[in-house]
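This report refers to the structure that appears directly beneath it.
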Amino acid sequence: RRLAPLLAQQGFRVLVMDLVGLGFTARPPVGTGIDYGPVGKRAHVEAFLNALVPAHEQVVLCGASLGGATAIDIAVAFPHRVSQLVLIDAQGFIDGNGAGMLFPPLDRLGVALLKSVPLRNMANKMAYSDKARFATEDALRIGRVHCFCDGWDAATIAFLKSGGYRLSHRVREISAPTLLIWGADDEILSVEYVDRFQQELAQPLGDKFEAHVLQNCGHVAHLEAPAHTAKLIQQFLLHD
């Protein structure tokens with residue numbers, strides 16, 4: 001909501017989507033053919049691209065946090081569709097390990113905890129470097145409201161039970177020029193992960209890989225430093 005308008009002002013066509021099961025997407029009941037795990041999210045993005053972007057065209061794919069994991073998965077699965085990749089504090093090296101303890105009623109209790117005010121408030125504060133300015137009551141409400149959409153609990157349980165993303169061994173398969181942006185003060189995914197990405201991508205991509213660490217910025221550079229983030233993306237795309 002803060003980054004997309006800036007990119008649009010620079011002349012880019014910007015398409016913003018909610019991944020299936022997340023945000024404000026419809027959530028048909030589990031068992032009706034909708035896969036809320038990584039495979040379903042990949043199919044959802046593929047269908048979204050096929051509906052809005054001609055098959056012969058490529059896109060610049062951008063993902064933040066868990067969305068970064070989806071972006072990596074798409075870039076590896078459909079390299080012919082991705083011209084460049086932008087990752088913002090992306091989950092790439094925390095592999096899901098299944099959900100052995102997620103059986104009733106613990107699954108429902110677990111997702112109830114995920115949307116509780118104490119946990120959401122903690123995550124809200126961890127997301128930002130400048131907590132006084134950004135980790136506000138409004139930010140808490142905005143970050144929590146989608147949890148009360150119909151089907152959120154069931155879709156979230158289904159994603160967790162799918163095992164989540166397992167990408168640590170696939171990051172090196174990225175072939176698209178990649179821009180990595182990370183907040184120096186990220187308390188959710190440590191800035192040390194920048195080194196992991198560099199180890200995996202610097203050699204195969206060469207000068208087609210860039211990494212930038214933003215000072216005085218937390219986990220959500222697109223929200224806390226949108227102007228800086230937009231400038232880095234513009235420079236990367238024009239340079240490449």
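Here, A, B, ... name the chains of the structure tokens in the order displayed, residue numbers run from 1 inside each chain, and ligands are numbered from 1 in the same displayed order.
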Which residues of region 15-89 of chain A sit at most 6 Å from region 159-176 of chain A, using only C-alpha atoms? Give each one's shortest atom pair and distance in Å (one decimal place), in chain and ascending residue order, as JSON lines.
{"residue": "A:Tyr36", "atom": "CA", "partner": "A:Phe159", "partner_atom": "CA", "distance": 5.2}
{"residue": "A:Gly37", "atom": "CA", "partner": "A:Phe159", "partner_atom": "CA", "distance": 4.6}
{"residue": "A:Val76", "atom": "CA", "partner": "A:Ile174", "partner_atom": "CA", "distance": 5.5}
{"residue": "A:Ser83", "atom": "CA", "partner": "A:Ala176", "partner_atom": "CA", "distance": 5.9}
{"residue": "A:Gln84", "atom": "CA", "partner": "A:Ala176", "partner_atom": "CA", "distance": 5.2}
Take the residues that were just selected and, keeping N, CA and C atoms, output them as a short mmCIF file (atom, residue, chain, number, x, y, z; two decimals), in the first residue's frame.
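Dumped to selection-v2.cif:
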data_model
loop_
_atom_site.label_atom_id
_atom_site.label_comp_id
_atom_site.auth_asym_id
_atom_site.auth_seq_id
_atom_site.Cartn_x
_atom_site.Cartn_y
_atom_site.Cartn_z
N TYR A 36 -4.22 -25.06 -0.09
CA TYR A 36 -3.73 -23.86 0.58
C TYR A 36 -2.24 -23.92 0.90
N GLY A 37 -1.59 -24.99 0.48
CA GLY A 37 -0.15 -25.13 0.70
C GLY A 37 0.65 -24.47 -0.40
N VAL A 76 11.81 -20.22 -9.67
CA VAL A 76 12.46 -21.50 -9.97
C VAL A 76 11.56 -22.38 -10.83
N SER A 83 11.49 -12.10 -15.46
CA SER A 83 12.65 -11.39 -16.00
C SER A 83 13.61 -10.96 -14.91
N GLN A 84 13.07 -10.50 -13.78
CA GLN A 84 13.87 -10.11 -12.63
C GLN A 84 13.11 -10.45 -11.36
#
- Shell of 12 Å around Gln58 (chain A), only C-alpha atoms, local chain residues under 3 positions omitted, as a VMD selection string: chain A and resid 49 to 50 52 to 55 61 75 78 to 85 176
- Message: Could you check the closest approach to Leu214 (chain A) for each of A:Pro29, A:Pro118, A:Pro226, A:Gly63 and tell me which residue wins, using only C-alpha atoms?
- Response: A:Pro226
Between region 167-237 of chain A and region 8-26 of chain A, at 10 Å or less, what are the per-residue closest atom pairs and their distances in Å? Count only C-alpha atoms, order by chain and rising residue number, and return it as CSV.
residue,atom,partner,partner_atom,distance
A:Ala230,CA,A:Gln10,CA,8.9
A:Lys231,CA,A:Gln10,CA,9.4
A:Gln234,CA,A:Gln10,CA,7.8
- Message: When you look at region 102-109 of chain A with a cut-off of 10 Å (counting only C-alpha atoms), what residues show up, excluding the ones that are within fewer than 6 positions of it in the same chain? I need them as a PyMOL selection string.
- Response: chain A and resi 153-154+156-158+160-161
- Quick one: DSSP alpha helix (DSSP H) residues in region 49-206 of chain A, as a ChimeraX atom specification? /A:49-52,66-77,106-114,117-126,131-134,137-144,152-161,193-205
- Just the strand (DSSP E) stuff from region 97-185 of chain A, please, per backbone DSSP, written as a PyMOL selection string. chain A and resi 178-183
Could the residues in this selection be saved with N, CA, C and O atoms as a PDB file, in the first residue's frame?
ATOM      1  N   THR A 178      18.576 -10.816  -9.614  1.00  0.00           N
ATOM      2  CA  THR A 178      17.891 -10.725  -8.327  1.00  0.00           C
ATOM      3  C   THR A 178      18.379  -9.540  -7.512  1.00  0.00           C
ATOM      4  O   THR A 178      19.581  -9.319  -7.353  1.00  0.00           O
ATOM      5  N   LEU A 179      17.412  -8.793  -6.991  1.00  0.00           N
ATOM      6  CA  LEU A 179      17.673  -7.695  -6.057  1.00  0.00           C
ATOM      7  C   LEU A 179      17.184  -8.123  -4.685  1.00  0.00           C
ATOM      8  O   LEU A 179      16.025  -8.472  -4.511  1.00  0.00           O
ATOM      9  N   LEU A 180      18.095  -8.087  -3.700  1.00  0.00           N
ATOM     10  CA  LEU A 180      17.767  -8.448  -2.327  1.00  0.00           C
ATOM     11  C   LEU A 180      17.824  -7.189  -1.461  1.00  0.00           C
ATOM     12  O   LEU A 180      18.834  -6.479  -1.446  1.00  0.00           O
ATOM     13  N   ILE A 181      16.737  -6.901  -0.770  1.00  0.00           N
ATOM     14  CA  ILE A 181      16.656  -5.743   0.117  1.00  0.00           C
ATOM     15  C   ILE A 181      16.343  -6.249   1.524  1.00  0.00           C
ATOM     16  O   ILE A 181      15.426  -7.054   1.702  1.00  0.00           O
ATOM     17  N   TRP A 182      17.099  -5.769   2.507  1.00  0.00           N
ATOM     18  CA  TRP A 182      16.925  -6.274   3.869  1.00  0.00           C
ATOM     19  C   TRP A 182      17.054  -5.141   4.876  1.00  0.00           C
ATOM     20  O   TRP A 182      17.898  -4.258   4.731  1.00  0.00           O
ATOM     21  N   GLY A 183      16.227  -5.171   5.888  1.00  0.00           N
ATOM     22  CA  GLY A 183      16.323  -4.207   6.972  1.00  0.00           C
ATOM     23  C   GLY A 183      17.388  -4.620   7.970  1.00  0.00           C
ATOM     24  O   GLY A 183      17.394  -5.761   8.446  1.00  0.00           O
TER      25      GLY A 183
END
- Message: List the spatial neighbours of Ala227 (chain A) as a PyMOL selection string - criterion: any atom at most 10 Å away, only C-alpha atoms, same-chain residues fewer than 6 positions off excluded.
- Response: chain A and resi 2-3+6-7+221+233
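A straight line drawn from CA of Pro28 (chain A) to CA of Asp150 (chain A) is 8.9 Å long.
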- Message: Calculated over only C-alpha atoms, which of the candidates A:Ile34, A:Val220, A:Ala225, A:Cys149 has the smallest distance to Gly68 (chain A)?
- Response: A:Val220
